[in-house]
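**Student:** Next comes entry-v2.txt, compact mmCIF, N, CA and C atoms:
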```
# COMPACT_ATOMS: atom_id res chain seq x y z
N MET A 3 9.13 14.26 13.62
CA MET A 3 8.21 14.18 12.50
C MET A 3 7.49 15.52 12.32
N ARG A 4 7.12 16.14 13.45
CA ARG A 4 6.42 17.42 13.38
C ARG A 4 7.29 18.48 12.68
N LEU A 5 8.57 18.54 13.07
CA LEU A 5 9.48 19.51 12.43
C LEU A 5 9.58 19.22 10.94
N TRP A 6 9.68 17.95 10.58
CA TRP A 6 9.83 17.58 9.16
C TRP A 6 8.61 18.03 8.36
N ILE A 7 7.42 17.81 8.89
CA ILE A 7 6.21 18.23 8.18
C ILE A 7 6.16 19.75 8.05
N HIS A 8 6.48 20.45 9.12
CA HIS A 8 6.51 21.93 9.07
C HIS A 8 7.56 22.39 8.06
N HIS A 9 8.70 21.73 8.04
CA HIS A 9 9.78 22.08 7.10
C HIS A 9 9.31 21.87 5.66
N LEU A 10 8.65 20.77 5.40
CA LEU A 10 8.14 20.51 4.05
C LEU A 10 7.09 21.55 3.64
N LEU A 11 6.21 21.91 4.57
CA LEU A 11 5.20 22.93 4.27
C LEU A 11 5.85 24.28 3.99
N LEU A 12 6.83 24.64 4.78
CA LEU A 12 7.55 25.89 4.56
C LEU A 12 8.19 25.91 3.17
N ASN A 13 8.78 24.79 2.78
CA ASN A 13 9.41 24.70 1.47
C ASN A 13 8.38 24.71 0.35
N LEU A 14 7.22 24.12 0.59
CA LEU A 14 6.16 24.12 -0.41
C LEU A 14 5.64 25.54 -0.65
N LEU A 15 5.50 26.31 0.43
CA LEU A 15 5.01 27.69 0.31
C LEU A 15 6.04 28.61 -0.33
N SER A 16 7.30 28.33 -0.08
CA SER A 16 8.44 29.11 -0.61
C SER A 16 8.16 30.61 -0.63
N VAL A 17 7.98 31.16 0.56
CA VAL A 17 7.74 32.58 0.74
C VAL A 17 9.02 33.34 0.41
N LYS A 18 8.89 34.39 -0.40
CA LYS A 18 10.05 35.18 -0.82
C LYS A 18 10.76 35.77 0.39
N ASP A 19 12.07 35.70 0.36
CA ASP A 19 12.94 36.24 1.41
C ASP A 19 12.72 35.59 2.79
N TYR A 20 12.16 34.40 2.80
CA TYR A 20 11.98 33.67 4.05
C TYR A 20 12.85 32.42 3.99
N PRO A 21 13.64 32.16 5.03
CA PRO A 21 14.55 31.00 4.97
C PRO A 21 13.78 29.68 4.91
N CYS A 22 14.28 28.76 4.12
CA CYS A 22 13.65 27.44 3.97
C CYS A 22 14.49 26.34 4.61
N HIS A 23 15.20 26.69 5.66
CA HIS A 23 16.01 25.71 6.40
C HIS A 23 15.29 25.37 7.69
N GLY A 24 15.55 24.17 8.19
CA GLY A 24 15.00 23.75 9.48
C GLY A 24 16.12 23.32 10.40
N THR A 25 15.93 23.49 11.69
CA THR A 25 16.92 23.07 12.67
C THR A 25 16.21 22.38 13.82
N LEU A 26 16.74 21.23 14.21
CA LEU A 26 16.24 20.49 15.35
C LEU A 26 17.35 20.46 16.38
N ILE A 27 17.07 21.01 17.56
CA ILE A 27 18.07 21.04 18.63
C ILE A 27 17.61 20.10 19.73
N CYS A 28 18.45 19.11 20.01
CA CYS A 28 18.18 18.11 21.05
C CYS A 28 19.17 18.32 22.19
N LYS A 29 19.03 17.55 23.26
CA LYS A 29 19.95 17.66 24.39
C LYS A 29 21.39 17.38 23.97
N ASP A 30 21.57 16.37 23.15
CA ASP A 30 22.92 15.92 22.83
C ASP A 30 23.30 16.05 21.35
N ALA A 31 22.45 16.66 20.55
CA ALA A 31 22.75 16.78 19.12
C ALA A 31 21.93 17.91 18.49
N GLU A 32 22.38 18.32 17.33
CA GLU A 32 21.67 19.32 16.54
C GLU A 32 21.65 18.86 15.10
N PHE A 33 20.50 19.02 14.44
CA PHE A 33 20.33 18.58 13.06
C PHE A 33 19.81 19.72 12.22
N ASN A 34 20.37 19.86 11.02
CA ASN A 34 19.91 20.87 10.07
C ASN A 34 19.25 20.19 8.89
N TYR A 35 18.24 20.87 8.35
CA TYR A 35 17.52 20.38 7.18
C TYR A 35 17.55 21.47 6.12
N PRO A 36 18.21 21.22 5.00
CA PRO A 36 18.30 22.22 3.94
C PRO A 36 16.98 22.31 3.17
N PRO A 37 16.87 23.29 2.27
CA PRO A 37 15.67 23.38 1.44
C PRO A 37 15.42 22.06 0.70
N VAL A 38 14.15 21.73 0.55
CA VAL A 38 13.76 20.46 -0.07
C VAL A 38 13.03 20.72 -1.38
N GLU A 39 13.67 20.31 -2.46
CA GLU A 39 13.00 20.35 -3.76
C GLU A 39 12.04 19.15 -3.79
N GLY A 40 10.85 19.35 -4.30
CA GLY A 40 9.89 18.26 -4.38
C GLY A 40 9.18 17.97 -3.06
N SER A 41 9.08 18.99 -2.21
CA SER A 41 8.43 18.79 -0.91
C SER A 41 6.96 18.40 -1.07
N GLU A 42 6.33 18.85 -2.16
CA GLU A 42 4.93 18.53 -2.38
C GLU A 42 4.72 17.02 -2.54
N LYS A 43 5.59 16.36 -3.27
CA LYS A 43 5.48 14.90 -3.47
C LYS A 43 5.67 14.15 -2.14
N ILE A 44 6.63 14.61 -1.35
CA ILE A 44 6.88 13.96 -0.06
C ILE A 44 5.67 14.13 0.86
N LEU A 45 5.10 15.34 0.88
CA LEU A 45 3.89 15.59 1.68
C LEU A 45 2.71 14.75 1.20
N GLU A 46 2.56 14.61 -0.11
CA GLU A 46 1.48 13.79 -0.65
C GLU A 46 1.59 12.35 -0.17
N ARG A 47 2.81 11.81 -0.19
CA ARG A 47 3.02 10.43 0.27
C ARG A 47 2.71 10.30 1.76
N LEU A 48 3.13 11.30 2.55
CA LEU A 48 2.83 11.27 3.98
C LEU A 48 1.32 11.34 4.23
N LEU A 49 0.64 12.18 3.48
CA LEU A 49 -0.82 12.28 3.63
C LEU A 49 -1.52 11.00 3.20
N ASP A 50 -1.06 10.37 2.14
CA ASP A 50 -1.62 9.08 1.72
C ASP A 50 -1.49 8.05 2.83
N THR A 51 -0.32 8.02 3.45
CA THR A 51 -0.09 7.09 4.56
C THR A 51 -1.01 7.43 5.73
N TYR A 52 -1.14 8.70 6.02
CA TYR A 52 -2.02 9.15 7.10
C TYR A 52 -3.46 8.68 6.86
N TRP A 53 -3.97 8.89 5.64
CA TRP A 53 -5.35 8.51 5.33
C TRP A 53 -5.53 6.99 5.43
N LYS A 54 -4.54 6.24 5.00
CA LYS A 54 -4.61 4.77 5.14
C LYS A 54 -4.68 4.40 6.62
N GLY A 55 -3.91 5.11 7.44
CA GLY A 55 -3.89 4.85 8.87
C GLY A 55 -5.20 5.16 9.56
N LEU A 56 -6.03 5.97 8.95
CA LEU A 56 -7.35 6.26 9.52
C LEU A 56 -8.35 5.15 9.20
N THR A 57 -8.01 4.27 8.27
CA THR A 57 -8.93 3.20 7.89
C THR A 57 -8.55 1.85 8.48
N ARG A 58 -7.28 1.69 8.88
CA ARG A 58 -6.82 0.43 9.46
C ARG A 58 -5.51 0.68 10.19
N PRO A 59 -5.17 -0.18 11.15
CA PRO A 59 -3.88 -0.02 11.85
C PRO A 59 -2.71 -0.30 10.91
N LEU A 60 -1.81 0.62 10.82
CA LEU A 60 -0.62 0.45 9.98
C LEU A 60 0.53 -0.11 10.81
N HIS A 61 1.39 -0.85 10.17
CA HIS A 61 2.57 -1.41 10.83
C HIS A 61 3.70 -0.37 10.83
N PHE A 62 3.42 0.77 11.43
CA PHE A 62 4.40 1.84 11.57
C PHE A 62 4.50 2.19 13.04
N PHE A 63 5.70 2.02 13.59
CA PHE A 63 5.95 2.26 15.00
C PHE A 63 7.16 3.17 15.08
N PRO A 64 7.01 4.40 15.57
CA PRO A 64 8.07 5.40 15.46
C PRO A 64 9.46 4.94 15.91
N GLU A 65 9.58 4.37 17.09
CA GLU A 65 10.91 3.99 17.59
C GLU A 65 11.51 2.83 16.82
N SER A 66 10.73 1.80 16.61
CA SER A 66 11.22 0.62 15.89
C SER A 66 11.51 0.96 14.43
N SER A 67 10.64 1.76 13.83
CA SER A 67 10.84 2.17 12.44
C SER A 67 12.11 3.00 12.29
N TRP A 68 12.31 3.92 13.24
CA TRP A 68 13.51 4.76 13.20
C TRP A 68 14.77 3.91 13.33
N ALA A 69 14.75 2.95 14.25
CA ALA A 69 15.90 2.06 14.43
C ALA A 69 16.18 1.30 13.14
N TYR A 70 15.14 0.83 12.49
CA TYR A 70 15.30 0.06 11.25
C TYR A 70 15.92 0.92 10.14
N VAL A 71 15.34 2.08 9.89
CA VAL A 71 15.81 2.94 8.79
C VAL A 71 17.18 3.53 9.09
N ASP A 72 17.43 3.89 10.34
CA ASP A 72 18.73 4.43 10.72
C ASP A 72 19.83 3.40 10.48
N ASN A 73 19.59 2.16 10.85
CA ASN A 73 20.58 1.11 10.63
C ASN A 73 20.78 0.82 9.16
N LEU A 74 19.70 0.85 8.38
CA LEU A 74 19.85 0.67 6.93
C LEU A 74 20.72 1.79 6.36
N GLY A 75 20.46 3.02 6.81
CA GLY A 75 21.22 4.18 6.34
C GLY A 75 22.69 4.11 6.69
N LYS A 76 22.99 3.41 7.76
CA LYS A 76 24.39 3.25 8.18
C LYS A 76 25.04 2.04 7.51
N GLY A 77 24.31 1.40 6.58
CA GLY A 77 24.86 0.29 5.83
C GLY A 77 24.96 -1.01 6.60
N LYS A 78 24.15 -1.18 7.63
CA LYS A 78 24.25 -2.38 8.45
C LYS A 78 23.53 -3.59 7.86
N GLY A 79 22.81 -3.40 6.78
CA GLY A 79 22.12 -4.51 6.14
C GLY A 79 20.75 -4.74 6.72
N GLU A 80 19.90 -5.36 5.91
CA GLU A 80 18.50 -5.58 6.28
C GLU A 80 18.36 -6.44 7.53
N GLU A 81 19.11 -7.51 7.63
CA GLU A 81 18.98 -8.42 8.77
C GLU A 81 19.33 -7.73 10.10
N LYS A 82 20.44 -7.01 10.11
CA LYS A 82 20.88 -6.30 11.32
C LYS A 82 19.91 -5.16 11.66
N ALA A 83 19.42 -4.46 10.63
CA ALA A 83 18.47 -3.37 10.85
C ALA A 83 17.18 -3.90 11.47
N LEU A 84 16.71 -5.04 10.97
CA LEU A 84 15.50 -5.64 11.51
C LEU A 84 15.73 -6.15 12.94
N GLU A 85 16.91 -6.67 13.20
CA GLU A 85 17.27 -7.13 14.54
C GLU A 85 17.22 -5.97 15.54
N ASN A 86 17.77 -4.82 15.15
CA ASN A 86 17.76 -3.64 16.02
C ASN A 86 16.35 -3.08 16.21
N ALA A 87 15.55 -3.14 15.15
CA ALA A 87 14.15 -2.70 15.26
C ALA A 87 13.40 -3.61 16.22
N ARG A 88 13.65 -4.91 16.12
CA ARG A 88 12.98 -5.85 17.01
C ARG A 88 13.40 -5.62 18.47
N ALA A 89 14.65 -5.26 18.68
CA ALA A 89 15.12 -4.95 20.04
C ALA A 89 14.35 -3.75 20.61
N LYS A 90 14.09 -2.74 19.78
CA LYS A 90 13.30 -1.59 20.22
C LYS A 90 11.86 -2.01 20.52
N TRP A 91 11.35 -2.92 19.70
CA TRP A 91 9.97 -3.38 19.85
C TRP A 91 9.81 -4.19 21.14
N ILE A 92 10.75 -5.10 21.38
CA ILE A 92 10.65 -6.00 22.53
C ILE A 92 11.09 -5.33 23.83
N GLY A 93 12.15 -4.52 23.75
CA GLY A 93 12.68 -3.87 24.94
C GLY A 93 13.64 -4.80 25.68
N SER A 94 13.96 -4.44 26.91
CA SER A 94 14.88 -5.22 27.71
C SER A 94 14.49 -5.09 29.19
N ASP A 95 15.33 -5.64 30.04
CA ASP A 95 15.07 -5.51 31.47
C ASP A 95 15.13 -4.05 31.92
N TYR A 96 15.82 -3.22 31.16
CA TYR A 96 16.05 -1.82 31.56
C TYR A 96 15.24 -0.81 30.75
N ASN A 97 14.75 -1.21 29.59
CA ASN A 97 14.00 -0.29 28.72
C ASN A 97 12.70 -0.94 28.29
N ARG A 98 11.64 -0.18 28.41
CA ARG A 98 10.33 -0.65 27.98
C ARG A 98 10.32 -0.78 26.46
N GLY A 99 9.79 -1.86 25.97
CA GLY A 99 9.69 -2.06 24.53
C GLY A 99 8.50 -1.33 23.95
N GLU A 100 8.63 -0.89 22.74
CA GLU A 100 7.53 -0.18 22.08
C GLU A 100 6.32 -1.10 21.95
N GLY A 101 6.56 -2.39 21.79
CA GLY A 101 5.48 -3.36 21.65
C GLY A 101 4.67 -3.58 22.92
N GLU A 102 5.11 -3.03 24.05
CA GLU A 102 4.36 -3.15 25.30
C GLU A 102 3.18 -2.18 25.36
N ASP A 103 3.11 -1.27 24.42
CA ASP A 103 1.99 -0.34 24.35
C ASP A 103 0.69 -1.15 24.19
N CYS A 104 -0.29 -0.88 25.04
CA CYS A 104 -1.52 -1.68 25.04
C CYS A 104 -2.28 -1.57 23.72
N TYR A 105 -2.20 -0.44 23.05
CA TYR A 105 -2.89 -0.30 21.76
C TYR A 105 -2.20 -1.11 20.67
N TYR A 106 -0.89 -1.11 20.70
CA TYR A 106 -0.17 -1.96 19.74
C TYR A 106 -0.47 -3.43 20.01
N GLN A 107 -0.55 -3.80 21.26
CA GLN A 107 -0.86 -5.19 21.60
C GLN A 107 -2.26 -5.57 21.12
N LEU A 108 -3.19 -4.66 21.27
CA LEU A 108 -4.55 -4.91 20.82
C LEU A 108 -4.60 -5.15 19.31
N CYS A 109 -3.86 -4.37 18.58
CA CYS A 109 -3.91 -4.46 17.12
C CYS A 109 -3.00 -5.54 16.53
N PHE A 110 -1.88 -5.81 17.18
CA PHE A 110 -0.86 -6.63 16.53
C PHE A 110 -0.42 -7.86 17.32
N SER A 111 -1.15 -8.24 18.36
CA SER A 111 -0.70 -9.36 19.20
C SER A 111 -0.74 -10.71 18.48
N LYS A 112 -1.55 -10.84 17.47
CA LYS A 112 -1.68 -12.13 16.78
C LYS A 112 -0.90 -12.17 15.47
N THR A 113 0.04 -11.26 15.30
CA THR A 113 0.81 -11.21 14.07
C THR A 113 2.22 -10.71 14.37
N ASP A 114 3.10 -10.89 13.42
CA ASP A 114 4.44 -10.30 13.55
C ASP A 114 4.34 -8.86 13.06
N PRO A 115 4.40 -7.88 13.96
CA PRO A 115 4.23 -6.49 13.54
C PRO A 115 5.38 -5.97 12.67
N LEU A 116 6.55 -6.59 12.77
CA LEU A 116 7.71 -6.11 12.00
C LEU A 116 7.85 -6.93 10.73
N ASP A 117 6.80 -6.89 9.94
CA ASP A 117 6.73 -7.66 8.70
C ASP A 117 7.10 -6.80 7.49
N LYS A 118 6.73 -7.25 6.31
CA LYS A 118 7.06 -6.52 5.09
C LYS A 118 6.43 -5.12 5.07
N GLU A 119 5.18 -5.02 5.53
CA GLU A 119 4.53 -3.71 5.58
C GLU A 119 5.31 -2.77 6.49
N PHE A 120 5.76 -3.26 7.63
CA PHE A 120 6.57 -2.46 8.54
C PHE A 120 7.81 -1.92 7.83
N ARG A 121 8.53 -2.80 7.16
CA ARG A 121 9.78 -2.40 6.49
C ARG A 121 9.50 -1.39 5.39
N THR A 122 8.46 -1.62 4.62
CA THR A 122 8.11 -0.70 3.53
C THR A 122 7.71 0.67 4.06
N LEU A 123 6.83 0.70 5.06
CA LEU A 123 6.39 1.97 5.63
C LEU A 123 7.52 2.73 6.30
N ALA A 124 8.36 2.02 7.03
CA ALA A 124 9.48 2.68 7.71
C ALA A 124 10.35 3.41 6.70
N VAL A 125 10.68 2.74 5.62
CA VAL A 125 11.54 3.36 4.60
C VAL A 125 10.80 4.50 3.91
N GLU A 126 9.55 4.28 3.56
CA GLU A 126 8.77 5.29 2.84
C GLU A 126 8.59 6.57 3.65
N VAL A 127 8.34 6.42 4.95
CA VAL A 127 8.07 7.59 5.80
C VAL A 127 9.35 8.26 6.29
N LEU A 128 10.32 7.47 6.70
CA LEU A 128 11.49 8.04 7.38
C LEU A 128 12.72 8.26 6.50
N ASN A 129 12.83 7.53 5.42
CA ASN A 129 14.02 7.69 4.58
C ASN A 129 14.19 9.12 4.05
N PRO A 130 13.12 9.79 3.62
CA PRO A 130 13.30 11.18 3.18
C PRO A 130 13.89 12.08 4.27
N ILE A 131 13.48 11.88 5.51
CA ILE A 131 14.01 12.69 6.61
C ILE A 131 15.51 12.47 6.72
N LEU A 132 15.91 11.21 6.77
CA LEU A 132 17.33 10.89 6.93
C LEU A 132 18.16 11.33 5.74
N SER A 133 17.57 11.32 4.56
CA SER A 133 18.35 11.70 3.37
C SER A 133 18.66 13.20 3.35
N PHE A 134 17.83 14.02 4.01
CA PHE A 134 18.08 15.46 4.06
C PHE A 134 18.77 15.90 5.35
N GLU A 135 18.70 15.09 6.37
CA GLU A 135 19.21 15.46 7.68
C GLU A 135 20.74 15.56 7.70
N LYS A 136 21.23 16.65 8.25
CA LYS A 136 22.69 16.84 8.44
C LYS A 136 22.95 17.09 9.90
N LYS A 137 23.72 16.21 10.53
CA LYS A 137 24.03 16.37 11.94
C LYS A 137 25.14 17.41 12.08
N VAL A 138 24.93 18.35 13.00
CA VAL A 138 25.90 19.39 13.27
C VAL A 138 26.91 18.82 14.28
N LYS A 139 28.18 18.93 13.95
CA LYS A 139 29.24 18.44 14.85
C LYS A 139 29.35 19.38 16.03
N LYS A 140 29.46 18.80 17.22
CA LYS A 140 29.65 19.61 18.43
C LYS A 140 30.89 19.18 19.15
```
Written as structure tokens, how would this file's structure read?

**Tutor:**
Amino acid sequence: MRLWIHHLLLNLLSVKDYPCHGTLICKDAEFNYPPVEGSEKILERLLDTYWKGLTRPLHFFPESSWAYVDNLGKGKGEEKALENARAKWIGSDYNRGEGEDCYYQLCFSKTDPLDKEFRTLAVEVLNPILSFEKKVKK
């Protein structure tokens, strides 16, 4: 997310003769982000979400949200995407679930955190990243 925000800011500034591409290098993958037309609108939406999050707990959970949007992007359908997001939220015998976070439990223990707000926010925040992201073949 940090790289994406920096990438959007770089594109918004559009400094002459300065590259507007971003690259994320991970242990097992590399991703490129081309110049983004309309970066100002995307940043405005992210800032609106941020300000809302300062007034109340939002149903946005990085790992579960990423699993949801990634599966939607791969055409797996809403039901399967939500199932995979819930698996990230709950965890397993071998992996800690995102929902085990004590702050998430404090805010969301009496509700289904992966509700309509979760689905809407996940798509709104993460879909732009996935739509520009290009995985480099290795």

**Student:** Smallest atom-to-atom distance to A:Leu60: which of A:Asp30, A:Glu119, A:Ser111, A:Asn86, using all atoms listed in the file?

**Tutor:** A:Glu119

**Student:** For the atom pair atom CA of A:Val38 and atom CA of A:Leu132, what is the interatomic distance in Å to one decimal place?

**Tutor:**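 Taking atom CA of A:Val38 and atom CA of A:Leu132, their separation equals 12.4 Å.
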
**Student:** If you count all atoms listed in the file, which residues fall within 6.5 Å of A:Glu102, apart from same-chain ones fewer than 4 positions away, as a PyMOL selection string?

**Tutor:** chain A and resi 91-92+98+106-107

**Student:** Name all residues at most 7 Å from stretch 45-53 of chain A (count all atoms listed in the file; drop same-chain ones fewer than 5 positions away) and give them as an MDAnalysis selection string.

**Tutor:** chainID A and resid 10 40 58 127

**Student:** What are the DSSP strand (DSSP E or B) residues of chain A, as an MDAnalysis selection string?

**Tutor:** chainID A and resid 24:27 32:35 93 98 136:138

**Student:** Taking the DSSP secondary structure from the backbone, can you list the residues of chain A that are helix (DSSP H, G or I), as a ChimeraX atom specification?

**Tutor:** /A:4-15,41-55,64-75,80-92,100-102,104-110,118-134

**Student:** Can you measure atom CA of A:Val71 to atom CA of A:Val125 for me? One decimal in Å is fine.

**Tutor:**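 Spanning atom CA of A:Val71 to atom CA of A:Val125 is a straight-line distance of 6.0 Å.
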
**Student:** For the atom pair atom N of A:Glu42 and atom CA of A:Leu15, what is the interatomic distance in Å to one decimal place?

**Tutor:**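 Computing the Euclidean distance for atom N of A:Glu42 and atom CA of A:Leu15 yields 9.3 Å.
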
**Student:** Need to verify the contact set: A:Phe120, 7 Å, all atoms listed in the file, exclusion of same-chain residues closer than 3 positions in sequence. Can you return it as an MDAnalysis selection string?

**Tutor:** chainID A and resid 60:63 67 115:117 123:125

**Student:** Counting only C-alpha atoms, what is within 12 Å of A:Pro21, bar same-chain residues fewer than 3 positions away, as a ChimeraX atom specification?

**Tutor:** /A:9,12-13,15-18,24-25,35-38

**Student:** Kindly list the centre and edge lengths in Å, rounded to one decimal, for the axis-aligned box that covers all listed atoms of stretch 16-23 of chain A plus 4 Å on each of its six sides, as JSON.

**Tutor:**
```
{"center_x": 11.7, "center_y": 30.8, "center_z": 3.4, "size_x": 16.7, "size_y": 18.9, "size_z": 16.5}
```
